[in-house]
Amino acid sequence: MEWSVFFESWIWLGFASLGFAILFNVPLRTLWVIFLLGALGGTLKLVTMKMGGGIILGSFFGAMLVGFLSISAAHFRHAPPFVFAIPSVIPMVPGAFAYRTMLGIIKLTGDVDHATFTQLLDDTVTNGLKAFFVLMALALGVSAPMLLTRRESAKQIKVPLKIDGLIKK
Amino acid sequence: MEKLGLNLSKELSEILLEVGALLMASGANSSRIRITIMRIAKAYGFNAELLITHRALMVSVSDDEHDLFQSSLKRTSPHGANFRMVSGISRMSWRIVDEDWNFEQIWGEINRLKSLPHYPRLIVLSTVALAGASFCRLFGGGPVEMLVAFVATFIGLFVRQEVTRRNFNGYLCIFFASLASCLISGASVKLNVGTEPEYAFATSVLYLIPGIPLINSLSDLLDGNIMNGIVRGTNGLIIAFAIAFGMLCSILIYNI
């Protein structure tokens, strides 16, 4: 296995999150945290996929890591966890699947012969289902900390003692 | 006394609606809007009930002591992600609870948040273009494809900002941007620049993906706000359609 590949993709995943963070106009103090979260979450997704977990499970684990880390980040960078979590998971959003589904649907309306139609329908349905389930996994993963701790706000979630000590300093 | 309480609840509901509308327009999900508004209302000892829809908000503020009841409605402005606003309002809501702010202070803070600057245009354009190049690398493109994706994203986003400023329909803006990006990256496919120009073509529109509507849609659905979830999801689908339509047009133009 080529593990060094992950280090390279780590950097690119970080930049991808950073681009979206700037597009969404996040506060300046949160930028480097978003770079880190996006890179870590994306790498976990890639590792899971390499281990044979598939894109849906990979996205779920990646988003869950981002979700939990965003709670700690919210405590020590003073912004809602969602400000960190959304730009970080955006690179994992199945954008390519979503527009390929749309492209497929548009092409299906054209005059195509039976064999091409079946092939096209096959691809379109696969892309569409993947896009939907990946999105579901992302949303579930990001909100997992809130759902599991049954709190309404990240302020009420105690971060582990070690990190807490770091904030107090 | 009765008059004073009425004025109080009237002004409070105005603030609540302003805060809710700003959150909705900046890309917060429904449960965050509800929690923030409840928190502010509770800080002043009022009960608030809220109806959240995509384009309008309705709040009913009531007070146990005075038997007062104030309902009001507000339209929300068109959506555009602005997390600095969401973060600022969230901090403000906690400070209202902790520091007993009066209404003038809240209005002052809201106006301050509204006047906060966005990132400089050149920085936005170049970092988003860098993100496009990163996507291209992650899909497996080489340096030449990354450069194509960079330029296509840069110009596409520039086109989107320009048409948005001219108040075109939101979906039409995305169509124009997608078309511009695909015309540039499609040219590299047509002229066979680099080894795998298809990667640049596929990744040059990724900056347009409706990430916030789709994620908010699913998190609203999980939260039980089914209506809002469906509305946001439909919005995301139409954006995906606009992107695909722009791609399709450039595919037809270049015949690739």
# chains A, B, ... in the order shown; residues from 1 in each chain; ligands from 1
>>> residues_around(residues="segment 40-50 of chain A", least_positions_apart="3", cutoff="7 Å", atoms="only C-alpha atoms", output="list in words")
Phe6, Trp10, Leu13, Leu36, Leu37, Gly53, Gly54, Ile55, Gly58, Ser59, Phe61, Gly62, Ala63, Leu65, Val66 and Met92 of chain A
>>> closest_atom_pairs(of="chain B", to="chain A", cutoff="9 Å", atoms="only C-alpha atoms", output="CSV")
residue,atom,partner,partner_atom,distance
B:Ser26,CA,A:Phe24,CA,8.8
B:Ala28,CA,A:Phe82,CA,8.5
B:Ser31,CA,A:Glu152,CA,8.9
B:Arg32,CA,A:Glu152,CA,8.9
B:Ile35,CA,A:Glu152,CA,7.5
B:Gly80,CA,A:Phe24,CA,8.2
B:Ala81,CA,A:Phe24,CA,5.1
B:Asn82,CA,A:Phe24,CA,5.2
B:Phe83,CA,A:Val26,CA,4.8
B:Arg84,CA,A:Val26,CA,4.9
B:Met85,CA,A:Val26,CA,8.4
B:Val86,CA,A:Val83,CA,7.9
B:Ser87,CA,A:Ala79,CA,5.2
B:Gly88,CA,A:Ala79,CA,7.8
B:Ser90,CA,A:Pro80,CA,6.8
B:Arg91,CA,A:Ala79,CA,7.2
B:His118,CA,A:Asn25,CA,6.2
B:Tyr119,CA,A:Asn25,CA,6.7
B:Ile123,CA,A:Ile22,CA,8.3
B:Val124,CA,A:Ile22,CA,6.0
B:Leu125,CA,A:Leu23,CA,8.5
B:Ser126,CA,A:Gly19,CA,8.4
B:Thr127,CA,A:Gly19,CA,4.8
B:Val128,CA,A:Gly19,CA,4.2
B:Ala129,CA,A:Gly19,CA,7.5
B:Leu130,CA,A:Gly19,CA,6.8
B:Ala131,CA,A:Ala16,CA,4.0
B:Gly132,CA,A:Ala16,CA,7.0
B:Ala133,CA,A:Ala16,CA,8.3
B:Ser134,CA,A:Trp12,CA,4.8
B:Phe135,CA,A:Ala16,CA,6.6
B:Arg137,CA,A:Trp12,CA,7.3
B:Leu138,CA,A:Ser9,CA,6.4
B:Ala202,CA,A:Ala96,CA,7.3
B:Thr203,CA,A:Ala96,CA,7.7
B:Val205,CA,A:Ala96,CA,8.8
B:Leu206,CA,A:Gly95,CA,6.3
B:Tyr207,CA,A:Phe20,CA,7.7
B:Leu208,CA,A:Gly95,CA,8.6
B:Ile209,CA,A:Gly95,CA,5.5
B:Pro210,CA,A:Gly95,CA,7.8
B:Gly211,CA,A:Ile90,CA,5.9
B:Ile212,CA,A:Ile86,CA,7.3
B:Leu214,CA,A:Leu135,CA,7.3
B:Ile215,CA,A:Ala139,CA,5.8
B:Asn216,CA,A:Ala139,CA,7.8
B:Ser217,CA,A:Ala139,CA,8.7
B:Leu218,CA,A:Ala139,CA,5.8
B:Ser219,CA,A:Ala139,CA,5.5
B:Leu222,CA,A:Leu140,CA,7.7
B:Leu237,CA,A:Ala98,CA,8.2
B:Ala240,CA,A:Tyr99,CA,5.4
B:Phe241,CA,A:Met102,CA,5.7
B:Ala242,CA,A:Tyr99,CA,8.9
B:Ile243,CA,A:Tyr99,CA,6.7
B:Ala244,CA,A:Leu103,CA,5.3
B:Phe245,CA,A:Leu103,CA,7.3
B:Met247,CA,A:Leu103,CA,8.1
B:Leu248,CA,A:Leu103,CA,7.0
>>> select_by_dssp(residues="segment 75-147 of chain A", states="alpha helix (DSSP H)", output="PyMOL selection string")
chain A and resi 75-77+81-89+95-108+114-147
>>> residues_around(residues="Phe158 of chain B", least_positions_apart="4", cutoff="12 Å", atoms="only C-alpha atoms", output="PyMOL selection string")
chain B and resi 121-126+128-129+151-154+162-165+173-174+176-178+180-181+207
>>> closest_residue(among="B:Glu49, B:Asp223, B:Glu198, B:Glu65", to="Gly186 of chain B", atoms="only C-alpha atoms")
B:Glu198
